[in-house]
$ cat my_file25.cif   # mmCIF, C-alpha atoms
data_input
#
loop_
_atom_site.group_PDB
_atom_site.id
_atom_site.type_symbol
_atom_site.label_atom_id
_atom_site.label_comp_id
_atom_site.auth_asym_id
_atom_site.auth_seq_id
_atom_site.Cartn_x
_atom_site.Cartn_y
_atom_site.Cartn_z
ATOM 1 C CA MET A 1 -123.898 68.444 21.834
ATOM 2 C CA HIS A 2 -122.290 67.964 18.439
ATOM 3 C CA ILE A 3 -118.972 66.098 18.217
ATOM 4 C CA LEU A 4 -117.214 69.179 16.771
ATOM 5 C CA GLN A 5 -118.393 71.533 19.522
ATOM 6 C CA PRO A 6 -115.990 72.180 22.390
ATOM 7 C CA LYS A 7 -117.116 71.140 25.876
ATOM 8 C CA HIS A 8 -118.765 73.980 27.870
ATOM 9 C CA THR A 9 -118.921 73.629 31.667
ATOM 10 C CA LYS A 10 -120.338 76.000 34.287
ATOM 11 C CA LEU A 11 -117.886 76.636 37.153
ATOM 12 C CA ASN A 12 -119.051 76.450 40.766
ATOM 13 C CA GLU A 13 -118.311 79.209 43.307
ATOM 14 C CA LYS A 14 -115.151 77.552 44.637
ATOM 15 C CA GLU A 15 -113.728 77.100 41.127
ATOM 16 C CA ILE A 16 -114.572 80.724 40.260
ATOM 17 C CA GLU A 17 -112.777 82.003 43.370
ATOM 18 C CA GLU A 18 -109.687 79.883 42.593
ATOM 19 C CA LEU A 19 -109.636 81.003 38.938
ATOM 20 C CA LEU A 20 -109.962 84.718 39.707
ATOM 21 C CA THR A 21 -107.277 84.464 42.410
ATOM 22 C CA LYS A 22 -104.925 82.483 40.153
ATOM 23 C CA LEU A 23 -105.291 84.948 37.262
ATOM 24 C CA ASN A 24 -105.440 87.985 39.594
ATOM 25 C CA ILE A 25 -108.422 89.470 37.721
ATOM 26 C CA SER A 26 -112.082 90.274 38.280
ATOM 27 C CA LYS A 27 -115.094 88.826 36.451
ATOM 28 C CA ALA A 28 -115.376 92.051 34.440
ATOM 29 C CA GLN A 29 -111.951 91.408 32.901
ATOM 30 C CA LEU A 30 -112.895 88.033 31.418
ATOM 31 C CA PRO A 31 -114.090 87.764 27.800
ATOM 32 C CA LYS A 32 -117.884 87.799 27.455
ATOM 33 C CA ILE A 33 -120.438 85.325 26.111
ATOM 34 C CA PHE A 34 -124.135 86.129 25.717
ATOM 35 C CA LEU A 35 -126.775 84.365 27.803
ATOM 36 C CA ASN A 36 -128.752 83.479 24.665
ATOM 37 C CA ASP A 37 -125.806 81.588 23.105
ATOM 38 C CA PRO A 38 -127.239 78.155 22.187
ATOM 39 C CA ILE A 39 -124.193 76.202 23.426
ATOM 40 C CA LEU A 40 -124.543 77.273 27.076
ATOM 41 C CA PRO A 41 -125.854 74.795 29.648
ATOM 42 C CA GLU A 42 -129.518 75.490 30.514
ATOM 43 C CA VAL A 43 -128.910 76.341 34.184
ATOM 44 C CA CYS A 44 -126.736 79.402 33.477
ATOM 45 C CA VAL A 45 -127.499 82.958 34.589
ATOM 46 C CA VAL A 46 -125.813 86.321 34.018
ATOM 47 C CA GLY A 47 -122.517 86.485 35.933
ATOM 48 C CA ASP A 48 -121.689 82.771 35.744
ATOM 49 C CA ILE A 49 -118.304 81.735 34.360
ATOM 50 C CA ILE A 50 -118.051 79.074 31.660
ATOM 51 C CA LYS A 51 -115.013 76.868 31.049
ATOM 52 C CA ILE A 52 -114.547 75.928 27.388
ATOM 53 C CA GLU A 53 -112.339 72.936 26.613
ATOM 54 C CA ARG A 54 -111.240 72.758 22.984
ATOM 55 C CA LYS A 55 -109.132 69.884 21.694
ATOM 56 C CA GLU A 56 -106.391 71.063 19.340
ATOM 57 C CA GLY A 57 -104.275 68.199 18.125
ATOM 58 C CA ASP A 58 -103.054 66.190 21.089
ATOM 59 C CA LYS A 59 -103.636 68.858 23.720
ATOM 60 C CA ILE A 60 -106.678 70.501 25.282
ATOM 61 C CA VAL A 61 -106.837 74.297 25.316
ATOM 62 C CA ILE A 62 -108.989 75.912 28.013
ATOM 63 C CA TYR A 63 -110.829 79.234 27.680
ATOM 64 C CA TYR A 64 -113.014 81.062 30.196
ATOM 65 C CA ARG A 65 -115.986 83.349 29.487
ATOM 66 C CA VAL A 66 -118.350 85.300 31.754
ATOM 67 C CA ILE A 67 -122.043 85.337 30.826
ATOM 68 C CA VAL A 68 -123.590 88.726 30.078
#

$ encode --input "my_file25.cif" --output "structure tokens"
Amino acid sequence: MHILQPKHTKLNEKEIEELLTKLNISKAQLPKIFLNDPILPEVCVVGDIIKIERKEGDKIVIYYRVIV
């Protein structure tokens, strides 16, 4: 991974359940990312949720994407 790339992490089933409950949404309502995106971890499959941690100044901003 390049130093300028944000950290991409695959969520496990427990984390996915907690996230969807906390946000009160379904997987279909999350923004999408394609399976062939080169930044994704190699063990990803369609339907997985990725947590993206981007450092902006002194704070870390977190985004979530579902793989399609």

$ resolve_selection --input "my_file25.cif" --expression "the PyMOL selection byres ((chain A and resi 49) around 7)" --output "PyMOL selection string"
chain A and resi 10-11+47-48+50-51+64-67

$ residues_around --input "my_file25.cif" --residues "Ile60 of chain A" --least-positions-apart "6" --cutoff "12 Å" --atoms "all atoms listed in the file" --output "PyMOL selection string"
chain A and resi 6-7+51-54

$ closest_residue --input "my_file25.cif" --among "A:Pro41, A:Val46, A:Lys55, A:Gln5" --to "Val68 of chain A" --atoms "only C-alpha atoms"
A:Val46

$ closest_residue --input "my_file25.cif" --among "A:His8, A:Ile62, A:His2, A:Gly57" --to "Ile33 of chain A" --atoms "all atoms listed in the file"
A:His8

$ atom_distance --input "my_file25.cif" --atom1 "atom CA of Leu19 of chain A" --atom2 "atom CA of Tyr63 of chain A"
11.5 Å

$ atom_distance --input "my_file25.cif" --atom1 "atom CA of Ile25 of chain A" --atom2 "atom CA of Glu13 of chain A"
15.3 Å

$ axis_aligned_box --input "my_file25.cif" --around "segment 45-60 of chain A" --padding-each-side "4 Å" --output "AutoDock Vina command-line options"
--center_x -115.3 --center_y 76.3 --center_z 27.0 --size_x 32.4 --size_y 28.3 --size_z 25.8

$ residues_near_point --input "my_file25.cif" --point "(-125.4, 82.4, 29.3)" --cutoff "6 Å" --atoms "only C-alpha atoms" --output "ChimeraX atom specification"
/A:34-36,40,44-45,67

$ atom_distance --input "my_file25.cif" --atom1 "atom CA of Thr21 of chain A" --atom2 "atom CA of Asp58 of chain A"
28.4 Å
